[in-house]
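Just below is one structure, and these are the notes that go with it.
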Amino acid sequence: MDCVECQENLSAHIENELPESIQEQVSRHLHACRRCDAEYQSLTTADQLVSDHFMIEASPVLWTRIEAEIRASATDRVAATIPAKPTPYGRRLSEIFGRFSWRAWAGAAASLGLALGLTFFVQQQRENHRLDQAIQSYIMERDKVEQNHLQADQGQDLANTDEYAENPFVIEDRHKMENPFKL
Amino acid sequence: MSTANDKNFEAEASVAPKVDTLGLVRKAKAGDLDALQQLYVKYVNRVLSFVYRMVGSKSEAEDIVQDTFVSAYQKMSELKEDAKFQSWLFTIARNNVYQTYRTRGVAMVSLDHPAKADERPVAERVAAKSKTPEAAYLSDELDHVIQSALSLLNDKQREVFVLSALKKLSYEQVAEIVGRSVGAVKMDIHRARLVVRERIKNYLRRE
Ligand SMILES: [Zn+2]
């Protein structure tokens, strides 16, 4: 093996990628040739430096990101293949509404308007009736109060007579009165 | 040093804490999101690092990785050989990288946006803080040096270099992901290594 052939095989020799027979020939040449051995040493040193600093480590969150994307894309695929499933209630509503023409819709709108108007009218009537009742009961209440005041006033007059109405002209013992002209 | 056999899918599963990867792939195919999460735990940092080295921005890379796992889950039934889940996942990530940058019309690896300390997740920043400030600074510096070295490569060289730098991918798997021959991949990886080595040499000389 000459120097050119030896040096061409040096990387493969370092990597143990040569067939055994060629591996041995390279080893023998390196023992014998100082120039090729220096080349081998220098390549090995560089290889070692690269090896020691070549690998990097993944961030701890990388797997979480991968798992999240896989799960999300699985969900997307399910959503894409199966059409969005309406709720039974929503589907029944859409079936019912879809079945009617514009005439039916206009009729329904008119009926709705009429019903609303009637409701309003009845409501108004009821409101008036309630107002009348309120006025009536107010009058009755007022009359009752006045009656009470009247009775109270009369009672008070009688009581006053009892308390204060001493007859200032009553002469308690008129018979004791002597005749002032009597000699 | 790992052997070529370690890079096979089944062997890889036996090295990591015992996880039945094929079983997880089958469950995820049947729509099991927990199984997908376990596959995510197993592969996310490798896929993220690939995308990050291709686009140069951590937040953009995470967006692309998110799309990658989401579409992997959705297209799971299109995976013919369950044992090739990892390569298939990288193929989706790679397509997303090119699609994103084709639609946006932005250069993939940009030197204007080197990795910033603030941009990194909390866990990463805490880890950086537990080191000495010098070590953290060196780490950021080297990150930038690697990114600037990658910007010197053309798209084909860059992607095969980055994929092979993820270690657990064999040349054969890289070839499968990018749809090229193992020989062509091997050659581009070697050329890329020489460019990256020169860039790192210059950086170390300046120190
Ligand atoms: Zn030589």
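We name chains A, B, ... following the order of the structure tokens; residues begin at 1 in each chain, and ligands are numbered from 1 as shown.
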Please provide the set of residues having any atom within 10 Å of B:Met54, restricted to only C-alpha atoms, with same-chain residues fewer than 2 positions apart removed, written as number ranges by chain.
-> B: 48-52, 56-57, 61, 94, 97-98, 108-110, 147, 150-151, 155, 158-159, 162-163
Counting only C-alpha atoms, collect the residues of chain B whose closest atom lies at most 9 Å from chain A, and write them out as a PyMOL selection string.
-> chain B and resi 1-4+33+37+40-41+44-46+48-50+52-53+58+62-63+65-67+69-71+73-74+120-124+139-140+142-143+146+162+164-167+170-171+186-187+189-191+193-194+196-198+200-201
Can you pull out every residue with an atom within 7 Å of ligand 1? Use only C-alpha atoms and all ligand atoms and format it as a PDB file with N, CA, C and O atoms, in the first residue's frame.
ATOM      1  N   ASP A   2       0.593   2.167  -0.952  1.00  0.00           N
ATOM      2  CA  ASP A   2       1.389   3.406  -0.984  1.00  0.00           C
ATOM      3  C   ASP A   2       0.722   4.502  -0.133  1.00  0.00           C
ATOM      4  O   ASP A   2      -0.374   4.315   0.398  1.00  0.00           O
ATOM      5  N   CYS A   3       1.411   5.664  -0.031  1.00  0.00           N
ATOM      6  CA  CYS A   3       0.931   6.759   0.826  1.00  0.00           C
ATOM      7  C   CYS A   3      -0.438   7.287   0.362  1.00  0.00           C
ATOM      8  O   CYS A   3      -1.291   7.588   1.202  1.00  0.00           O
ATOM      9  N   CYS A   6      -3.124   4.836   1.237  1.00  0.00           N
ATOM     10  CA  CYS A   6      -3.267   4.814   2.707  1.00  0.00           C
ATOM     11  C   CYS A   6      -4.082   6.017   3.179  1.00  0.00           C
ATOM     12  O   CYS A   6      -5.023   5.862   3.950  1.00  0.00           O
ATOM     13  N   HIS A  29       1.056   0.114   7.166  1.00  0.00           N
ATOM     14  CA  HIS A  29       1.665   1.292   6.524  1.00  0.00           C
ATOM     15  C   HIS A  29       1.887   2.412   7.554  1.00  0.00           C
ATOM     16  O   HIS A  29       2.930   3.059   7.557  1.00  0.00           O
ATOM     17  N   LEU A  30       0.934   2.618   8.428  1.00  0.00           N
ATOM     18  CA  LEU A  30       1.043   3.682   9.442  1.00  0.00           C
ATOM     19  C   LEU A  30       2.224   3.422  10.390  1.00  0.00           C
ATOM     20  O   LEU A  30       2.900   4.370  10.817  1.00  0.00           O
ATOM     21  N   CYS A  33       5.277   4.390   8.055  1.00  0.00           N
ATOM     22  CA  CYS A  33       5.395   5.714   7.416  1.00  0.00           C
ATOM     23  C   CYS A  33       5.068   6.839   8.402  1.00  0.00           C
ATOM     24  O   CYS A  33       3.930   6.968   8.852  1.00  0.00           O
ATOM     25  N   ARG A  34       6.076   7.665   8.715  1.00  0.00           N
ATOM     26  CA  ARG A  34       5.888   8.730   9.689  1.00  0.00           C
ATOM     27  C   ARG A  34       4.914   9.800   9.169  1.00  0.00           C
ATOM     28  O   ARG A  34       4.127  10.347   9.912  1.00  0.00           O
ATOM     29  N   ARG A  35       4.997  10.122   7.884  1.00  0.00           N
ATOM     30  CA  ARG A  35       4.167  11.160   7.290  1.00  0.00           C
ATOM     31  C   ARG A  35       2.679  10.770   7.359  1.00  0.00           C
ATOM     32  O   ARG A  35       1.840  11.558   7.769  1.00  0.00           O
ATOM     33  N   CYS A  36       2.379   9.557   6.971  1.00  0.00           N
ATOM     34  CA  CYS A  36       0.980   9.089   7.006  1.00  0.00           C
ATOM     35  C   CYS A  36       0.484   8.960   8.442  1.00  0.00           C
ATOM     36  O   CYS A  36      -0.680   9.232   8.728  1.00  0.00           O
TER      37      CYS A  36
END
Any idea what the distance is between atom CA of A:Ile22 and atom CA of B:Ser87?
->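 Interatomic distance here is 26.9 Å.
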Which value, in Å to one decimal, gives the distance between atom CA of B:Ala93 and atom CA of B:Lys168?
->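 Straight-line distance from atom CA of B:Ala93 to atom CA of B:Lys168 works out to 16.5 Å.
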Spatial neighbours of stretch 172-177 of chain B, max dist 8 Å, only C-alpha atoms, sep filter under 3 positions, as a count of residues only = 12
One-decimal distance in Å that lies between atom CA of A:Gln125 and atom CA of A:Met140 |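 We find that atom CA of A:Met140 and atom CA of A:Gln125 lie 22.7 Å from each other.
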